[in-house]
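With CSV, C-alpha atoms and all ligand atoms inside, this is entry17.csv:
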```csv
chain,number,residue,atom,x,y,z
A,1,MET,CA,145.6,8.3,78.1
A,2,PRO,CA,147.2,4.9,77.8
A,3,GLY,CA,146.1,3.9,81.3
A,4,ARG,CA,142.5,4.2,80.3
A,5,VAL,CA,143.1,2.2,77.2
A,6,ILE,CA,144.7,-0.6,79.1
A,7,SER,CA,141.9,-0.8,81.7
A,8,THR,CA,139.3,-0.9,78.9
A,9,LEU,CA,141.2,-3.7,77.1
A,10,PHE,CA,141.5,-5.5,80.4
A,11,LEU,CA,137.8,-5.3,81.0
A,12,LEU,CA,137.1,-6.5,77.4
A,13,ALA,CA,139.5,-9.4,77.8
A,14,LEU,CA,137.9,-10.3,81.1
A,15,HIS,CA,134.4,-10.1,79.6
A,16,CYS,CA,135.3,-12.3,76.7
A,17,PHE,CA,136.9,-14.8,79.0
A,18,LEU,CA,133.7,-15.0,81.0
A,19,ILE,CA,131.3,-15.2,78.2
A,20,ALA,CA,132.9,-16.8,75.1
A,21,PRO,CA,133.4,-20.4,76.4
A,22,VAL,CA,129.8,-20.9,77.3
A,23,VAL,CA,128.2,-19.9,74.0
A,24,ALA,CA,127.3,-23.0,72.0
A,25,TYR,CA,128.4,-22.7,68.4
A,26,THR,CA,127.6,-25.1,65.5
A,27,ALA,CA,128.0,-23.9,62.0
A,28,LEU,CA,124.9,-23.9,59.8
A,29,SER,CA,124.7,-26.7,57.2
A,30,ASP,CA,124.9,-25.9,53.5
A,31,ASN,CA,121.2,-26.9,53.4
A,32,PHE,CA,120.3,-24.3,56.0
A,33,LEU,CA,122.4,-21.6,54.3
A,34,ARG,CA,120.5,-22.3,51.0
A,35,LEU,CA,117.2,-21.7,52.7
A,36,ILE,CA,117.9,-18.3,54.0
A,37,PRO,CA,116.0,-15.7,52.0
A,38,SER,CA,117.3,-12.3,51.0
A,39,GLY,CA,114.1,-10.2,51.6
A,40,GLY,CA,113.8,-9.7,47.9
A,41,ASP,CA,111.2,-7.1,47.0
A,42,ASP,CA,110.8,-6.0,50.7
A,43,PHE,CA,114.0,-4.0,50.1
A,44,ASP,CA,112.5,-2.2,47.1
A,45,ILE,CA,113.3,1.5,47.6
A,46,GLU,CA,109.9,2.6,46.3
A,47,LYS,CA,107.4,0.0,47.6
A,48,GLY,CA,109.5,-2.4,49.7
A,49,LYS,CA,107.6,-3.2,52.9
A,50,LEU,CA,110.7,-3.1,55.1
A,51,LEU,CA,113.0,-0.4,53.5
A,52,ALA,CA,110.8,2.1,51.7
A,53,PRO,CA,109.1,3.6,54.8
A,54,ILE,CA,112.5,4.3,56.3
A,55,LEU,CA,113.8,6.2,53.3
A,56,ILE,CA,112.6,9.6,54.6
A,57,PRO,CA,114.3,12.3,56.6
A,58,ARG,CA,113.9,11.2,60.2
A,59,VAL,CA,115.6,13.9,62.4
A,60,PRO,CA,114.8,13.8,66.1
A,61,GLY,CA,112.0,16.1,66.9
A,62,THR,CA,110.5,16.0,63.4
A,63,PRO,CA,107.4,14.1,62.0
A,64,GLY,CA,109.8,11.7,60.1
A,65,GLN,CA,111.2,10.4,63.4
A,66,VAL,CA,107.7,9.6,64.6
A,67,ALA,CA,106.7,8.0,61.3
A,68,VAL,CA,109.7,5.5,61.3
A,69,GLN,CA,109.1,4.7,64.9
A,70,LYS,CA,105.6,3.7,64.0
A,71,HIS,CA,106.9,1.7,61.1
A,72,PHE,CA,109.1,-0.4,63.4
A,73,VAL,CA,106.5,-0.8,66.2
A,74,ASP,CA,103.7,-1.7,63.7
A,75,PHE,CA,106.0,-4.3,62.1
A,76,PHE,CA,106.8,-6.1,65.3
A,77,THR,CA,103.3,-5.8,66.7
A,78,ASN,CA,101.7,-7.2,63.6
A,79,GLU,CA,104.3,-9.7,62.4
A,80,LEU,CA,106.3,-10.7,65.4
A,81,PRO,CA,103.9,-10.5,68.4
A,82,LYS,CA,106.1,-12.7,70.6
A,83,TRP,CA,108.8,-10.0,70.7
A,84,SER,CA,108.6,-7.5,73.5
A,85,ILE,CA,108.8,-3.8,72.7
A,86,GLU,CA,110.6,-1.3,75.0
A,87,TRP,CA,110.9,2.4,74.5
A,88,TYR,CA,113.9,4.2,76.1
A,89,ASN,CA,113.1,7.9,75.9
A,90,SER,CA,115.3,10.8,76.8
A,91,THR,CA,115.6,14.4,75.9
A,92,SER,CA,118.6,16.6,75.3
A,93,LYS,CA,119.5,20.1,74.0
A,94,THR,CA,121.7,20.0,71.0
A,95,PRO,CA,124.1,22.7,69.6
A,96,THR,CA,121.3,23.7,67.1
A,97,SER,CA,118.2,23.4,69.2
A,98,GLY,CA,118.8,26.5,71.4
A,99,ASN,CA,117.0,26.0,74.7
A,100,LYS,CA,114.7,23.3,73.3
A,101,GLU,CA,115.0,19.8,74.6
A,102,LEU,CA,114.7,17.3,71.6
A,103,PRO,CA,113.1,13.9,72.1
A,104,PHE,CA,115.2,10.8,71.5
A,105,ALA,CA,113.7,7.3,71.6
A,106,ASN,CA,115.6,4.1,71.4
A,107,LEU,CA,113.5,1.1,70.5
A,108,VAL,CA,114.4,-2.4,71.8
A,109,PHE,CA,112.7,-5.5,70.4
A,110,LYS,CA,113.5,-8.6,72.4
A,111,ARG,CA,112.7,-12.3,72.4
A,112,GLU,CA,113.8,-14.4,75.4
A,113,PRO,CA,113.0,-18.0,76.3
A,114,PRO,CA,109.7,-18.1,78.1
A,115,TRP,CA,111.1,-19.8,81.1
A,116,VAL,CA,113.7,-17.2,82.0
A,117,LYS,CA,113.5,-14.9,85.0
A,118,GLU,CA,114.7,-11.3,84.9
A,119,GLY,CA,118.4,-11.1,84.4
A,120,GLN,CA,118.8,-14.8,83.4
A,121,SER,CA,119.1,-14.7,79.6
A,122,ASN,CA,122.2,-13.9,77.6
A,123,LEU,CA,121.3,-11.8,74.6
A,124,LEU,CA,122.6,-11.6,71.1
A,125,THR,CA,122.3,-7.9,70.5
A,126,LEU,CA,121.9,-6.5,67.0
A,127,ALA,CA,121.9,-2.8,66.6
A,128,ALA,CA,121.6,0.1,64.1
A,129,HIS,CA,120.6,3.7,64.3
A,130,TYR,CA,117.5,5.0,62.7
A,131,ASP,CA,117.8,8.8,62.9
A,132,SER,CA,119.1,10.8,60.0
A,133,LEU,CA,121.5,13.7,59.7
A,134,ILE,CA,120.0,17.1,59.9
A,135,THR,CA,122.0,18.7,57.1
A,136,PRO,CA,122.0,18.6,54.1
A,137,GLU,CA,118.2,19.3,54.2
A,138,GLY,CA,116.3,16.3,52.9
A,139,PHE,CA,119.1,13.8,53.6
A,140,ILE,CA,117.7,10.3,54.0
A,141,GLY,CA,120.7,8.3,55.0
A,142,ALA,CA,120.0,5.1,53.0
A,143,THR,CA,123.2,3.4,54.1
A,144,ASP,CA,123.3,5.5,57.2
A,145,SER,CA,121.4,3.6,58.6
A,146,ALA,CA,118.0,2.9,56.9
A,147,VAL,CA,119.4,-0.3,55.2
A,148,PRO,CA,120.9,-1.7,58.4
A,149,CYS,CA,117.5,-1.1,60.2
A,150,ALA,CA,115.7,-2.9,57.4
A,151,ILE,CA,118.2,-5.8,57.5
A,152,LEU,CA,117.6,-6.3,61.2
A,153,MET,CA,113.8,-6.4,60.6
A,154,HIS,CA,114.3,-9.0,58.0
A,155,THR,CA,116.6,-11.0,60.3
A,156,ALA,CA,114.0,-10.9,63.1
A,157,ARG,CA,111.3,-12.0,60.8
A,158,TYR,CA,113.1,-15.0,59.5
A,159,ILE,CA,114.6,-16.3,62.8
A,160,ASP,CA,111.3,-15.9,64.6
A,161,LYS,CA,109.8,-19.3,63.6
A,162,PHE,CA,113.0,-21.1,64.6
A,163,ILE,CA,113.1,-19.5,68.0
A,164,THR,CA,109.5,-20.6,68.5
A,165,GLN,CA,110.3,-24.2,67.5
A,166,MET,CA,113.4,-24.2,69.7
A,167,HIS,CA,111.5,-22.9,72.7
A,168,ASP,CA,108.7,-25.4,72.2
A,169,GLU,CA,111.1,-28.3,72.0
A,170,MET,CA,113.1,-27.2,75.0
A,171,SER,CA,110.0,-26.6,77.1
A,172,ALA,CA,108.7,-30.1,76.2
A,173,LEU,CA,112.0,-31.6,77.2
A,174,GLY,CA,112.2,-29.6,80.4
A,175,GLU,CA,115.4,-28.0,79.3
A,176,GLY,CA,116.5,-24.5,80.1
A,177,GLY,CA,118.3,-23.0,83.1
A,178,THR,CA,121.8,-23.3,81.7
A,179,VAL,CA,123.7,-20.5,80.1
A,180,ALA,CA,123.7,-22.2,76.7
A,181,MET,CA,120.0,-22.8,76.8
A,182,ASP,CA,119.0,-19.4,78.1
A,183,MET,CA,119.9,-17.5,74.9
A,184,GLY,CA,117.7,-14.7,73.6
A,185,VAL,CA,118.0,-11.9,71.1
A,186,GLN,CA,117.3,-8.2,71.1
A,187,ILE,CA,117.4,-5.6,68.4
A,188,ILE,CA,118.2,-2.1,69.4
A,189,LEU,CA,117.3,0.7,67.0
A,190,PHE,CA,119.1,3.8,68.3
A,191,ASP,CA,117.9,7.4,68.0
A,192,GLY,CA,120.1,10.4,67.8
A,193,GLU,CA,123.4,8.9,66.6
A,194,GLU,CA,124.1,11.8,64.2
A,195,ALA,CA,125.7,15.0,65.4
A,196,PHE,CA,123.6,18.2,64.9
A,197,LYS,CA,126.6,20.6,64.4
A,198,SER,CA,129.9,18.7,64.5
A,199,TRP,CA,130.7,15.3,65.9
A,200,SER,CA,132.0,15.4,69.5
A,201,ALA,CA,131.6,13.5,72.7
A,202,THR,CA,128.5,15.5,73.6
A,203,ASP,CA,127.1,16.1,70.1
A,204,SER,CA,126.6,12.6,68.8
A,205,CYS,CA,125.2,9.2,70.0
A,206,TYR,CA,122.5,10.8,72.1
A,207,GLY,CA,120.4,7.7,72.2
A,208,SER,CA,123.1,5.2,72.8
A,209,ARG,CA,124.8,7.2,75.5
A,210,ALA,CA,121.5,7.5,77.4
A,211,LEU,CA,120.7,3.8,77.0
A,212,ALA,CA,124.2,2.5,78.1
A,213,GLU,CA,124.1,4.8,81.2
A,214,ARG,CA,120.6,3.7,82.0
A,215,TRP,CA,121.3,0.0,81.7
A,216,GLU,CA,124.4,0.3,83.7
A,217,ASN,CA,122.3,1.6,86.6
A,218,SER,CA,119.3,-0.9,86.2
A,219,PHE,CA,120.2,-3.7,88.6
A,220,HIS,CA,118.5,-7.0,88.3
A,221,PRO,CA,117.2,-8.6,91.5
A,222,ALA,CA,119.9,-9.9,93.9
A,223,MET,CA,121.3,-13.3,92.9
A,224,SER,CA,120.4,-12.8,89.2
A,225,LEU,CA,122.9,-14.5,86.9
A,226,TYR,CA,123.6,-11.1,85.2
A,227,ARG,CA,123.9,-8.0,87.2
A,228,ASN,CA,122.3,-5.6,84.8
A,229,PRO,CA,121.1,-5.5,81.1
A,230,LEU,CA,124.6,-4.6,79.9
A,231,ASP,CA,125.9,-7.7,81.5
A,232,GLN,CA,123.4,-9.8,79.6
A,233,ILE,CA,124.8,-8.8,76.2
A,234,SER,CA,126.7,-11.8,74.9
A,235,ILE,CA,127.8,-9.8,71.8
A,236,PHE,CA,126.8,-6.4,70.5
A,237,VAL,CA,126.7,-6.4,66.7
A,238,LEU,CA,126.4,-2.9,65.4
A,239,LEU,CA,125.6,-2.4,61.7
A,240,ASP,CA,126.4,1.0,60.1
A,241,LEU,CA,127.0,2.4,56.6
A,242,LEU,CA,125.9,-0.7,54.7
A,243,GLY,CA,124.3,-0.8,51.2
A,244,SER,CA,127.0,0.7,49.0
A,245,PRO,CA,128.8,-1.6,46.5
A,246,ASP,CA,132.2,-3.2,47.3
A,247,PRO,CA,132.2,-2.6,51.1
A,248,THR,CA,135.2,-3.5,53.2
A,249,ILE,CA,134.4,-4.3,56.8
A,250,PRO,CA,137.6,-4.6,58.9
A,251,SER,CA,138.0,-6.7,62.0
A,252,LEU,CA,138.4,-4.0,64.6
A,253,PHE,CA,138.7,-5.8,67.9
A,254,LEU,CA,140.9,-8.8,68.8
A,255,GLN,CA,138.5,-9.6,71.6
A,256,THR,CA,135.7,-10.4,69.1
A,257,HIS,CA,137.7,-11.5,66.2
A,258,TRP,CA,136.4,-15.0,66.6
A,259,ALA,CA,132.9,-13.6,66.0
A,260,TYR,CA,134.1,-11.7,63.0
A,261,LYS,CA,135.6,-14.9,61.6
A,262,ALA,CA,132.2,-16.6,62.1
A,263,MET,CA,130.6,-13.8,60.0
A,264,ALA,CA,133.3,-13.9,57.4
A,265,SER,CA,133.1,-17.7,57.2
A,266,ILE,CA,129.4,-17.4,56.5
A,267,GLU,CA,130.0,-14.9,53.7
A,268,ASP,CA,132.8,-17.2,52.2
A,269,ARG,CA,130.6,-20.3,52.3
A,270,MET,CA,127.6,-18.5,50.8
A,271,ARG,CA,129.8,-17.2,48.0
A,272,LYS,CA,131.2,-20.6,47.3
A,273,LEU,CA,127.6,-22.0,47.3
A,274,ASP,CA,126.7,-19.3,44.8
A,275,LEU,CA,124.0,-17.9,47.2
A,276,LEU,CA,125.1,-14.3,47.0
A,277,GLU,CA,124.3,-11.9,44.1
A,278,SER,CA,127.0,-9.3,44.5
A,279,LYS,CA,130.4,-9.9,42.8
A,280,PRO,CA,132.8,-7.7,44.7
A,281,GLN,CA,136.6,-7.6,44.0
A,282,ARG,CA,137.2,-9.1,47.4
A,283,PRO,CA,135.0,-10.3,50.3
A,284,PHE,CA,132.9,-7.8,52.3
A,285,LEU,CA,134.8,-9.2,55.3
A,286,PRO,CA,138.4,-9.7,54.1
A,287,GLU,CA,140.2,-9.9,57.4
A,288,MET,CA,139.6,-13.4,58.5
A,289,GLU,CA,143.3,-14.1,58.7
A,290,LYS,CA,144.2,-10.9,60.6
A,291,GLU,CA,147.1,-11.4,62.9
A,292,PRO,CA,146.6,-10.7,66.6
A,293,THR,CA,149.5,-8.2,66.5
A,294,ALA,CA,147.8,-6.2,63.7
A,295,PHE,CA,145.0,-5.0,65.9
A,296,ARG,CA,145.2,-1.5,67.3
A,297,PRO,CA,143.3,0.0,70.3
A,298,LEU,CA,141.6,2.5,68.0
A,299,TYR,CA,138.0,2.4,66.9
A,300,ILE,CA,135.6,4.3,64.7
A,301,ASP,CA,133.3,6.4,66.9
A,302,ASP,CA,129.8,5.1,66.8
A,303,ASP,CA,126.9,3.9,68.9
A,304,HIS,CA,129.0,1.1,70.4
A,305,LYS,CA,131.3,3.5,72.2
A,306,PRO,CA,129.2,4.0,75.4
A,307,PHE,CA,128.9,0.2,75.5
A,308,ILE,CA,132.5,-0.8,74.8
A,309,THR,CA,133.7,1.6,77.4
A,310,ARG,CA,131.5,-0.3,79.9
A,311,GLY,CA,133.1,-3.6,78.9
A,312,VAL,CA,130.5,-4.9,76.4
A,313,PRO,CA,132.0,-7.1,73.6
A,314,ILE,CA,131.5,-5.4,70.2
A,315,LEU,CA,131.4,-6.6,66.6
A,316,HIS,CA,131.3,-3.4,64.6
A,317,MET,CA,130.1,-4.1,61.1
A,318,ILE,CA,130.9,-0.7,59.5
A,319,ALA,CA,132.2,-0.1,56.0
A,320,SER,CA,135.7,1.4,56.2
A,321,PRO,CA,136.5,3.4,54.2
A,322,PHE,CA,133.1,4.9,54.5
A,323,PRO,CA,130.9,4.8,51.3
A,324,ASP,CA,131.5,7.5,48.8
A,325,VAL,CA,128.0,8.8,49.3
A,326,TRP,CA,128.6,9.3,53.1
A,327,HIS,CA,126.7,12.4,54.5
A,328,THR,CA,125.8,13.6,51.0
A,329,MET,CA,122.5,13.8,49.2
A,330,LYS,CA,123.7,10.8,47.2
A,331,ASP,CA,123.1,8.5,50.2
A,332,ASP,CA,119.7,7.8,48.8
A,333,GLY,CA,117.8,4.8,47.5
A,334,ALA,CA,119.0,5.3,44.0
A,335,HIS,CA,122.6,4.9,45.0
A,336,LEU,CA,122.2,1.7,46.9
A,337,ASP,CA,123.6,-1.4,45.4
A,338,MET,CA,120.7,-3.8,45.8
A,339,PRO,CA,122.5,-7.1,45.3
A,340,THR,CA,124.8,-5.9,48.1
A,341,VAL,CA,121.9,-5.0,50.3
A,342,ARG,CA,120.2,-8.3,49.8
A,343,ASP,CA,123.4,-10.2,50.4
A,344,TRP,CA,123.9,-8.4,53.7
A,345,SER,CA,120.4,-9.5,54.7
A,346,LYS,CA,121.3,-13.1,54.1
A,347,ILE,CA,124.7,-12.9,55.8
A,348,VAL,CA,123.4,-11.2,59.0
A,349,THR,CA,120.4,-13.6,59.2
A,350,ALA,CA,122.7,-16.6,58.9
A,351,PHE,CA,125.0,-15.2,61.6
A,352,ALA,CA,122.0,-14.8,64.0
A,353,LEU,CA,120.8,-18.3,63.3
A,354,GLU,CA,124.2,-19.7,63.9
A,355,TRP,CA,124.8,-17.8,67.1
A,356,LEU,CA,121.4,-19.0,68.4
A,357,ASP,CA,122.4,-22.6,67.7
A,358,MET,CA,119.6,-23.2,65.3
A,359,MET,CA,121.1,-26.3,63.8
A,360,GLU,CA,119.2,-27.9,66.6
A,361,VAL,CA,116.0,-27.1,64.6
A,362,GLU,CA,117.4,-27.3,61.1
A,363,PRO,CA,114.5,-27.5,58.6
A,364,VAL,CA,114.5,-30.9,56.8
A,365,GLU,CA,111.7,-30.4,54.3
A,366,ALA,CA,113.7,-28.8,51.6
A,367,LYS,CA,117.0,-30.6,52.0
A,368,GLY,CA,119.1,-30.5,48.8
A,369,ALA,CA,116.6,-28.2,47.1
A,370,SER,CA,117.5,-24.7,46.1
A,371,ALA,CA,114.8,-22.6,47.8
A,372,SER,CA,116.8,-19.4,48.1
A,373,GLY,CA,116.1,-17.2,45.1
A,374,PRO,CA,117.0,-13.5,45.7
A,401,ZN,ZN,125.9,9.4,59.6
```

Please go through the file and, once you have read it, give me the structure as structure tokens.
Amino acid sequence: MPGRVISTLFLLALHCFLIAPVVAYTALSDNFLRLIPSGGDDFDIEKGKLLAPILIPRVPGTPGQVAVQKHFVDFFTNELPKWSIEWYNSTSKTPTSGNKELPFANLVFKREPPWVKEGQSNLLTLAAHYDSLITPEGFIGATDSAVPCAILMHTARYIDKFITQMHDEMSALGEGGTVAMDMGVQIILFDGEEAFKSWSATDSCYGSRALAERWENSFHPAMSLYRNPLDQISIFVLLDLLGSPDPTIPSLFLQTHWAYKAMASIEDRMRKLDLLESKPQRPFLPEMEKEPTAFRPLYIDDDHKPFITRGVPILHMIASPFPDVWHTMKDDGAHLDMPTVRDWSKIVTAFALEWLDMMEVEPVEAKGASASGP
């Protein structure tokens, strides 16, 4: 239906036009890039504090689902108490559940400037799904998407102290109240991305479909800057299928290609500074120079779909082609490429810092020093 495609593209273009010019953007210094840690042992597949607890089957309606939810909530409660925690629960029958309604729970961890009112902040939105595929039995989905979830936990943990410093300084100066100042960040961990029988519009993305619909109908008070929580998303960065060696992440949307270029530039600079461990044949993000005419209005189905169709700008960080281990028992801890995993954790963290304009609070204590061991 070309008409539909055109209207979607029009909405996307309009959204970018409204949002992009107001986002402050200063590249991180080499010094700052050097300081960004990789997470190191926290990504160990046996004992790693962030990753190991997610490397279990976690199908909706099973104890594994509850265990990983607890892992996420405990982490934010204990280590990042300034982040709010929201649960978005829904239920749905699936093609394999018979008459039983399965529980789906998206988790949203959010940090906004303390001075903002409801509907005032624009939110860098980082997302991944935490559920795992129901078959083959015992599947743990290391790249799909345990690793992306752990990367986002690492990112939240590292950026937290800079957010605090930024808020403190801005509060002291009486700043705030402009779009550039009222930036926040939220991490969405989606449930129910996987299909139970075979991928279709109704058998997939259970959590993200429910959340996008709910947010579309959750209106902020009259006269709020943003109409609803969807409107607050400055960009929606979805990580999926990351952790295998030699990934290729294409730039899928012209409307957010500038953000893709920012991420690709971070990778490029980190490689030139010798801050990354992996030695791929070509960059993870090789399409920095993609021509506008090379973009096609096609996208890989994933949790961003209910959001992109509602006009939210998307940066889809998915390996394409998919990893060789995709939806097989080999998508486990042993088949991860740990240098690649750790490199992703640095790249995504740097992107978040840059987006949030953290050069304003660049640390000075270790300038010139190399404090960035893997
Ligand atoms: Zn999958």

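Remark: for ligand ZN 401 (chain A), the closest of the candidate residues A:Leu225, A:Ile140, A:Leu356, A:Val68 is A:Ile140 (distances computed over all atoms listed in the file).
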
d(CA of Phe43 (chain A), CA of Ser132 (chain A)) in Å: 18.5 Å

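Nearest-residue note for Arg342 (chain A): choosing from A:Thr155, A:Thr293, A:Thr202, A:Thr164, the minimum distance belongs to A:Thr155, counting only C-alpha atoms.
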
Nearest candidate to Ala201 (chain A) (options A:Leu242, A:Asp303, A:Arg214, A:Ile163; using only C-alpha atoms): A:Asp303

Distance table requested - chain A against ligand ZN 401 (chain A), cut-off 8 Å, all atoms listed in the file: one row per qualifying residue with the closest atom pair and its distance in Å to one decimal, ordered by chain and rising residue number, as JSON lines.
```
{"residue": "A:Ser132", "atom": "CA", "partner": "A:ZN401", "partner_atom": "ZN", "distance": 7.0}
{"residue": "A:Leu133", "atom": "CA", "partner": "A:ZN401", "partner_atom": "ZN", "distance": 6.2}
{"residue": "A:Gly141", "atom": "CA", "partner": "A:ZN401", "partner_atom": "ZN", "distance": 7.0}
{"residue": "A:Asp144", "atom": "CA", "partner": "A:ZN401", "partner_atom": "ZN", "distance": 5.3}
{"residue": "A:Ser145", "atom": "CA", "partner": "A:ZN401", "partner_atom": "ZN", "distance": 7.4}
{"residue": "A:Glu193", "atom": "CA", "partner": "A:ZN401", "partner_atom": "ZN", "distance": 7.4}
{"residue": "A:Glu194", "atom": "CA", "partner": "A:ZN401", "partner_atom": "ZN", "distance": 5.5}
{"residue": "A:Leu241", "atom": "CA", "partner": "A:ZN401", "partner_atom": "ZN", "distance": 7.7}
{"residue": "A:Trp326", "atom": "CA", "partner": "A:ZN401", "partner_atom": "ZN", "distance": 7.0}
{"residue": "A:His327", "atom": "CA", "partner": "A:ZN401", "partner_atom": "ZN", "distance": 6.0}
```

Distance query Ile159 (chain A) at most 12 Å, all atoms listed in the file, self and fewer than 4 positions along chain excluded, as JSON, numbers by chain: {"A": [32, 35, 36, 37, 80, 83, 111, 152, 153, 154, 155, 163, 164, 165, 166, 184, 185, 186, 346, 348, 349, 350, 351, 352, 353, 354, 355, 356, 357, 358, 359, 361, 362, 363]}

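Among the candidate residues A:Pro148, A:Pro283, A:Pro292, A:Gly192, the one lying nearest to Met317 (chain A) is A:Pro148, with distances computed using only C-alpha atoms.
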
Straight-line distance linking CA of Asp203 (chain A) with CA of Trp87 (chain A), stated in Å to one decimal: 21.7 Å

Selected residue of minimal separation from Leu124 (chain A) among A:Cys205, A:Leu50, A:Leu230, A:Ile308, counting all atoms listed in the file: A:Leu230

Residue contacts of region 93-103 of chain A (10 Å, only C-alpha atoms) excluding same-chain residues fewer than 4 positions away, as a ChimeraX atom specification: /A:59-62,65,89,134,191-192,195-198,202-204,206-207

If we count only C-alpha atoms and set the cut-off at 12 Å, which residues sit around Phe322 (chain A), ignoring sequence neighbours fewer than 5 positions away in its own chain? Please answer as an mmCIF file with C-alpha atoms, in the frame of the given file.
```cif
data_model
loop_
_atom_site.group_PDB
_atom_site.id
_atom_site.type_symbol
_atom_site.label_atom_id
_atom_site.label_comp_id
_atom_site.auth_asym_id
_atom_site.auth_seq_id
_atom_site.Cartn_x
_atom_site.Cartn_y
_atom_site.Cartn_z
ATOM 1 C CA THR A 143 123.200 3.400 54.100
ATOM 2 C CA ASP A 144 123.300 5.500 57.200
ATOM 3 C CA ASP A 240 126.400 1.000 60.100
ATOM 4 C CA LEU A 241 127.000 2.400 56.600
ATOM 5 C CA LEU A 242 125.900 -0.700 54.700
ATOM 6 C CA GLY A 243 124.300 -0.800 51.200
ATOM 7 C CA SER A 244 127.000 0.700 49.000
ATOM 8 C CA PRO A 245 128.800 -1.600 46.500
ATOM 9 C CA ASP A 246 132.200 -3.200 47.300
ATOM 10 C CA PRO A 247 132.200 -2.600 51.100
ATOM 11 C CA THR A 248 135.200 -3.500 53.200
ATOM 12 C CA ILE A 249 134.400 -4.300 56.800
ATOM 13 C CA PRO A 250 137.600 -4.600 58.900
ATOM 14 C CA ILE A 300 135.600 4.300 64.700
ATOM 15 C CA MET A 317 130.100 -4.100 61.100
ATOM 16 C CA HIS A 327 126.700 12.400 54.500
ATOM 17 C CA THR A 328 125.800 13.600 51.000
ATOM 18 C CA ASP A 331 123.100 8.500 50.200
#
```

Interatomic distance, CA of Pro313 (chain A) to CA of Ala259 (chain A) (Å, one decimal): 10.0 Å
